[in-house]
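Participant: Have a look at this one before I ask anything.
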2 protein chains.
Amino acid sequence: MRSLIEEERLKYKPHLPRCLRDVSALEVVEGEPTEALGNREKIKELLSKTYGQPVVQFKEGATKTHAALRVGVVLSGGQAAGGHNVISGLFDALKKMHPDCRLFGFLGGPSGIVENQYIELTEGVLADYRNTGGFDLIGSGRTKIETPEQLESSRKNVDALNLNGLVIVGGDDSNTNAAILAEYFLSHDSHTHVVGVPKTIDGDLKNVHVETSFGFDTACKTYAEMIGNIERDALSAKKYYHFIKLMGRSASHITLECALQTHPNVTLIGEEAAAKKMTLQEITNQITDVICERAKLGKNYGVVLIPEGLIEFVPEMKQLIHELNTLMAKHVEDAVGNLSEKARETFSFLPKEIGDQLLLDRDPHGNVQVSHISTEQLLIHTVKKALQARSDYKGKFTPVNHFFGYEGRSCFPSNFDADYCYSLGFAAAVLIDSGHTGYMSVVHKLSQPVEEWEVGGIPITMLMNMEERKGKLKAVIQKALVDLEGDPFKLFALHRDSWSIEDHYRFPGPIQLFASASISNESTFTLKLEQHVEVCI
Amino acid sequence: MRSLIEEERLKYKPHLPRCLRDVSALEVVEGEPTEALGNREKIKELLSKTYGQPVVQFKEGATKTHAALRVGVVLSGGQAAGGHNVISGLFDALKKMHPDCRLFGFLGGPSGIVENQYIELTEGVLADYRNTGGFDLIGSGRTKIETPEQLESSRKNVDALNLNGLVIVGGDDSNTNAAILAEYFLSHDSHTHVVGVPKTIDGDLKNVHVETSFGFDTACKTYAEMIGNIERDALSAKKYYHFIKLMGRSASHITLECALQTHPNVTLIGEEAAAKKMTLQEITNQITDVICERAKLGKNYGVVLIPEGLIEFVPEMKQLIHELNTLMAKHVEDAVGNLSEKARETFSFLPKEIGDQLLLDRDPHGNVQVSHISTEQLLIHTVKKALQARSDYKGKFTPVNHFFGYEGRSCFPSNFDADYCYSLGFAAAVLIDSGHTGYMSVVHKLSQPVEEWEVGGIPITMLMNMEERKGKLKAVIQKALVDLEGDPFKLFALHRDSWSIEDHYRFPGPIQLFASASISNESTFTLKLEQHVEVCI
């Protein structure tokens with residue numbers, strides 16, 4: 001039996017922006033030609049057929065007749081709340097444009113395209129997945145379609161299915177892949193148009209055109225619920241320091257948003273650590289200072305937020321990891337003994353378990369798995385040592401560690417993500433119907449009420465730059481890191497000192513799916529601040 | 001600034017059972033004299049003045065005049081959602097009975113009574129805490145008032161405050177303490193009556209009179225939200241085995257309720273492990289069998305629920321811990337070398353980190369800290385080893401460990417806990433007003449709509465038995481373990497085989513505080529099943 005909430009969510013009708021109310025009567029307005037972010041000549045050379053296309057926006061227009069399209073959809077990369085809403089939005093828009101449209105879901109991520117694994121998505125199939133979390137309807141995967149064989153086999157398969165369009169739901173890499181597929185199909189006489197949809201809880205697929213990636217809202221709210229609960233517990237029990245690591249890959253967007261939502265005592269931001277070239281010792285001291293300061297006030301409790309990607313931003317750790325990778329690649333037996341003096345010093349600063357983890361836990365290419373490093377436990381260890389060295393510290397330090405990640409990727413989407421994703425699916429359908437390829441569907445004015453949202457598409461090439469990846473220069477979508485000059489960070493920086501000593505914890509509570517709009521449709525602080533909407537934190 | 005949910009919760013008006021609607025017009029109906037659960041003579045001797053009092057029930061009656069009472073309240077032990085509602089219920093009931101009633105909150109738990117630390121709780125103070133989580137209004141603590149000095153100092157302090165009543169909100173131990181204080185006050189010419197309120201997320205303060213302790217509902221629903229999210233993620237990513245340990249001290253009530261709510265692949269129940277005298281190897285095999293079976297179906301993912309108290313129920317671990325404690329108490333240097341053969345065998349089965357933890361991580365009395373043992377990591381380790389030994393296993397085992405505990409103790413109380421606690425507070429006020437002492441406030445028919453709830457009090461002595469605690473026979477309230485013949489366990493046992501292989505995950509979603517009653521007022525499966533209410537799981 002389904003839970004009551006699942007039953008009710010299956011019946012939820014996502015709200016649509018005014019411009020999408022009648023999808024059979026849309027005008028697709030094209031703007032000026034566009035350019036890539038950088039290395040324009042090179043990107044133009046690589047993606048000559050799809051380069052420079054205009055931004056498009058959908059406006060209410062006159063009723064048109066539409067063809068019966070055949071469209072494929074695939075989910076790529078990690079789960080993000082709202083994936084099923086993109087698919088149901090796509091489906092509903094196609095059916096509204098022409099009842100004979102058909103939608104196919106490739107299974108298990110992009111490998112499903114290469115290996116021709118798919119199912120047809122019908123109303124009957126979708127009815128069990130509307131407004132639910134997870135990607136279990138068709139699964140997901142991390143295959144990149146890169147080799148000539150993979151590209152050609154994908155082309156054959158979409159052609160065999162006679163697809164007018166292929167919708168790729170994914171993060172920056174997957175949307176880059178969408179641009180490459182669009183170019184390839186166009187250059188190889190396939191009539192399958194490719195449209196990307198911006199997904200990732202990490203929030204790093206973001207720029208002036210993509211206001212937020214879907215899943216970020218739900219993930220942050222879910223983590224913030226737990227953080228708030230733990231803060232209230234810390235404030236009540238008054239005896240634990242909670243070190244909470246938050247998922248989010250490299251960028252610290254999730255941690256920043258959660259900090260704005262919950263006002264913890266210490267929040268580390270990877271991008272700031274990098275900008276200030278902070279050492280592990282300095283980060284440790286930053287936390288230790290707050291603990292000592294609070295101990296003087298009789299407060300031996302608190303909450304520390306740590307972004308998953310922190311460690312990669314610390315120059316000395318970066319160096320250590322680089323040296324270890326090089327030595328291990330050469331199969332040097334005593335890797336630690338052969339480190340540079342500086343790196344050996346860093347290594348010896350680490351607790352034994354973390355050192356062992358660095359030496360033993362390697363990915364299939366033999367590289368250190370940075371994401372597996374328990375940064376929260378590492379910092380507990382270094383803080384404990386630092387506190388012992390402080391003669392004026394008389395407090396009691398009882399740390400508890402947490403990692404929130406998987407809990408926030410496959411939740412029921414918040415109303416924001418449910419509505420946003422449904423619109424993204426609609427937009428993808430309109431882009432395919434209007435003959436666009438190499439585009440990403442986008443929604444603007446997301447901090448406004450749903451009716452006011454503006455919807456359209458942008459050519460993926462305009463988000464691109466050339467970057468070194470695994471030693472090779474590649475055309476990629478630039479990852480957005482936390483902007484230390486941006487309003488979300490600035491507001492956080494303004495308040496964090498008072499949050500560190502006084503207790504200004506904020507308790508967001510669980511996501512409300514059925515409450516009044518003011519409670520259940522709120523967007524993130526990050527989004528509001530980036531759009532200069534006034535907020536009270 | 002408060003979160004929107006906090007703002008709205010402060011305004012929430014808890015629902016009251018019909019019999020409490022007009023608290024100034026109640027009839028307090030007394031039943032027959034009662035007896036303790038066992039060792040009646042001994043308990044009667046220990047608590048002669050409060051022993052054998054009748055159960056009382058509140059019925060609608062004629063309007064009476066009430067005195068202006070002075071009442072103290074204290075929170076004892078771990079946080080549970082709804083503590084602030086008990087206090088506001090108590091306050092509101094007192095003020096309804098007589099506007100000049102005054103309420104004092106002792107600070108930091110029972111030590112606040114001993115040390116005379118208190119604040120007055122007024123409407124202005126309470127306004128910021130209504131329907132919020134945590135115990136931060138007055139704090140909590142784990143001091144037991146046991147020694148003659150503590151008892152006498154408590155008496156002096158409540159008398160100095162001229163209290164008519166003292167309300168102790170706590171678990172089994174705290175309510176035992178309430179009975180002892182009631183007896184002491186009565187025998188020492190204090191007119192302060194003592195009333196207990198049954199609190200604990202663990203669900204082990206439960207019997208035919210106490211249908212559930214407050215906080216259990218909210219904690220289970222919060223953990224179940226996360227477990228469901230992780231299940232949906234496991235089902236989507238299809239590559240992780242999540243080992244989730246759940247708080248709940250000895251008893252496995254929380255784990256059982258969460259299993260009924262989420263249908264995981266494996267659920268361990270401590271009481272069953274004890275009844276079947278399972279070894280660690282057998283528990284490991286139980287999990288390993290499911291993993292192998294699923295691998296044959298191509299499923300290399302799943303969710304395993306582990307109760308915090310499991311390890312204490314495994315006879316061989318109990319034996320090992322007992323031997324280690326004895327040896328360490330004697331300061332034997334090579335404790336491991338001096339273990340019995342059987343215990344040494346158990347020790348060598350443990351991974352190194354857990355072994356080290358057993359040897360090093362000791363409480364102030366030098367005892368092994370069972371609750372600190374990472375059972376989830378222990379089982380990941382033993383399962384990994386067991387899988388390596390299975391030649392027919394061809395799957396891939398990627399485990400992820402979680403521990404949910406602090407997240408569920410201080411949340412905004414669910415509507416069930418908010419209303420239940422408010423009624424418990426009302427009941428405590430009525431018990432004090434009607435001159436009862438050594439009582440616990442109780443609410444019956446909790447699986448029915450709030451209006452139908454029945455409210456009253458039971459003498460704490462009737463829940464008591466004599467048990468050995470730290471080598472001494474003491475009068476205590478018996479802890480309720482999971483009843484393997486009870487309906488909740490039987491329903492779970494009926495379904496668990498199909499849950500283990502097929503994926504019948506259930507996704508409860510976040511607690512809804514503002515939705516329609518059918519969604520937001522549901523009680524736990526445990527409570528419904530124990531009251532023979534039909535459920536669909």
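Residues in the structure tokens are numbered from 1 in each chain, the chains being A, B, ... in the order shown, and ligands are numbered from 1 in the order shown.
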Can you tell me, as a PyMOL selection string, what residues are no more than 12 Å from Thr147 in chain B when counting only C-alpha atoms, ignoring any on the same chain fewer than 2 positions away?

Facilitator: chain B and resi 114+143-145+149-154+177+180-181+184

Participant: Keeping only N, CA, C and O atoms, write the selected residues to a file as a CSV table (one decimal), in the first residue's frame.

Facilitator:
chain,number,residue,atom,x,y,z
B,114,VAL,N,16.7,20.2,42.8
B,114,VAL,CA,17.6,20.1,43.9
B,114,VAL,C,18.4,21.4,44.2
B,114,VAL,O,18.6,21.8,45.4
B,143,THR,N,19.9,13.9,36.0
B,143,THR,CA,20.1,13.7,37.4
B,143,THR,C,18.9,12.9,38.0
B,143,THR,O,17.7,13.2,37.7
B,144,LYS,N,19.2,11.9,38.8
B,144,LYS,CA,18.1,11.2,39.6
B,144,LYS,C,18.1,11.8,41.0
B,144,LYS,O,19.2,11.9,41.6
B,145,ILE,N,17.0,12.1,41.5
B,145,ILE,CA,16.9,12.6,42.9
B,145,ILE,C,16.7,11.3,43.8
B,145,ILE,O,15.7,10.7,43.9
B,149,GLU,N,20.0,13.5,50.8
B,149,GLU,CA,20.3,15.0,50.7
B,149,GLU,C,19.5,15.6,49.5
B,149,GLU,O,18.9,16.6,49.7
B,150,GLN,N,19.5,14.9,48.4
B,150,GLN,CA,18.8,15.4,47.2
B,150,GLN,C,17.3,15.5,47.5
B,150,GLN,O,16.7,16.4,47.1
B,151,LEU,N,16.8,14.4,48.1
B,151,LEU,CA,15.4,14.4,48.4
B,151,LEU,C,15.0,15.5,49.4
B,151,LEU,O,14.0,16.2,49.1
B,152,GLU,N,15.8,15.7,50.4
B,152,GLU,CA,15.5,16.8,51.4
B,152,GLU,C,15.6,18.2,50.8
B,152,GLU,O,14.8,19.0,51.0
B,153,SER,N,16.6,18.3,50.0
B,153,SER,CA,16.8,19.6,49.4
B,153,SER,C,15.7,19.9,48.4
B,153,SER,O,15.2,21.1,48.2
B,154,SER,N,15.2,18.9,47.7
B,154,SER,CA,14.1,19.1,46.8
B,154,SER,C,12.8,19.5,47.6
B,154,SER,O,12.1,20.4,47.2
B,177,ASN,N,11.1,8.0,39.6
B,177,ASN,CA,11.6,9.1,40.5
B,177,ASN,C,10.4,10.0,41.0
B,177,ASN,O,10.4,10.4,42.2
B,180,ILE,N,8.8,8.2,43.8
B,180,ILE,CA,9.6,8.3,45.1
B,180,ILE,C,9.5,9.7,45.7
B,180,ILE,O,9.3,9.8,46.9
B,181,LEU,N,9.5,10.7,44.9
B,181,LEU,CA,9.3,12.1,45.4
B,181,LEU,C,8.0,12.2,46.0
B,181,LEU,O,7.8,12.9,47.1
B,184,TYR,N,8.0,10.7,49.3
B,184,TYR,CA,8.9,11.4,50.2
B,184,TYR,C,8.2,12.7,50.7
B,184,TYR,O,8.2,13.0,51.9

Participant: Rounded to one decimal place, report the CA of Thr267 in chain A-CA of Val290 in chain A distance in Å.

Facilitator: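 Atom-to-atom, CA of Thr267 in chain A and CA of Val290 in chain A are spaced 11.1 Å apart.
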
Participant: When DSSP works through the backbone of this structure, what residues of range 462-518 of chain A end up as strand (DSSP E), shown as an NGL selection string?

Facilitator: :A and (464-469 or 472-477)

Participant: Name the closest residue to Arg390 in chain B among the candidates B:Ser447, B:Thr288, B:Asn465, B:Thr526; distances are taken between atoms, counting only C-alpha atoms.

Facilitator: B:Thr288

Participant: When you count only C-alpha atoms, which of these residues is closest to Gln286 in chain A: A:Ser500, A:Pro148, A:Leu491, A:Ile5?

Facilitator: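 Looking at the shortest contact to Gln286 in chain A, the residue is A:Ser500.
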
Participant: Could you tell me which of B:Leu16, B:Val455, B:Leu137, B:Val450 comes closest to chain A if we count only C-alpha atoms?

Facilitator: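 Ranking B:Leu16, B:Val455, B:Leu137, B:Val450 by distance to chain A, first place goes to B:Leu137.
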
Participant: Take CA of Leu205 in chain A and CA of Asp483 in chain A and report the distance between them in Å, one decimal.

Facilitator: 13.1 Å

Participant: Could you tell me which of A:Leu360, A:Leu235, A:Leu107, A:Val197 comes closest to chain B if we count only C-alpha atoms?

Facilitator: A:Leu235
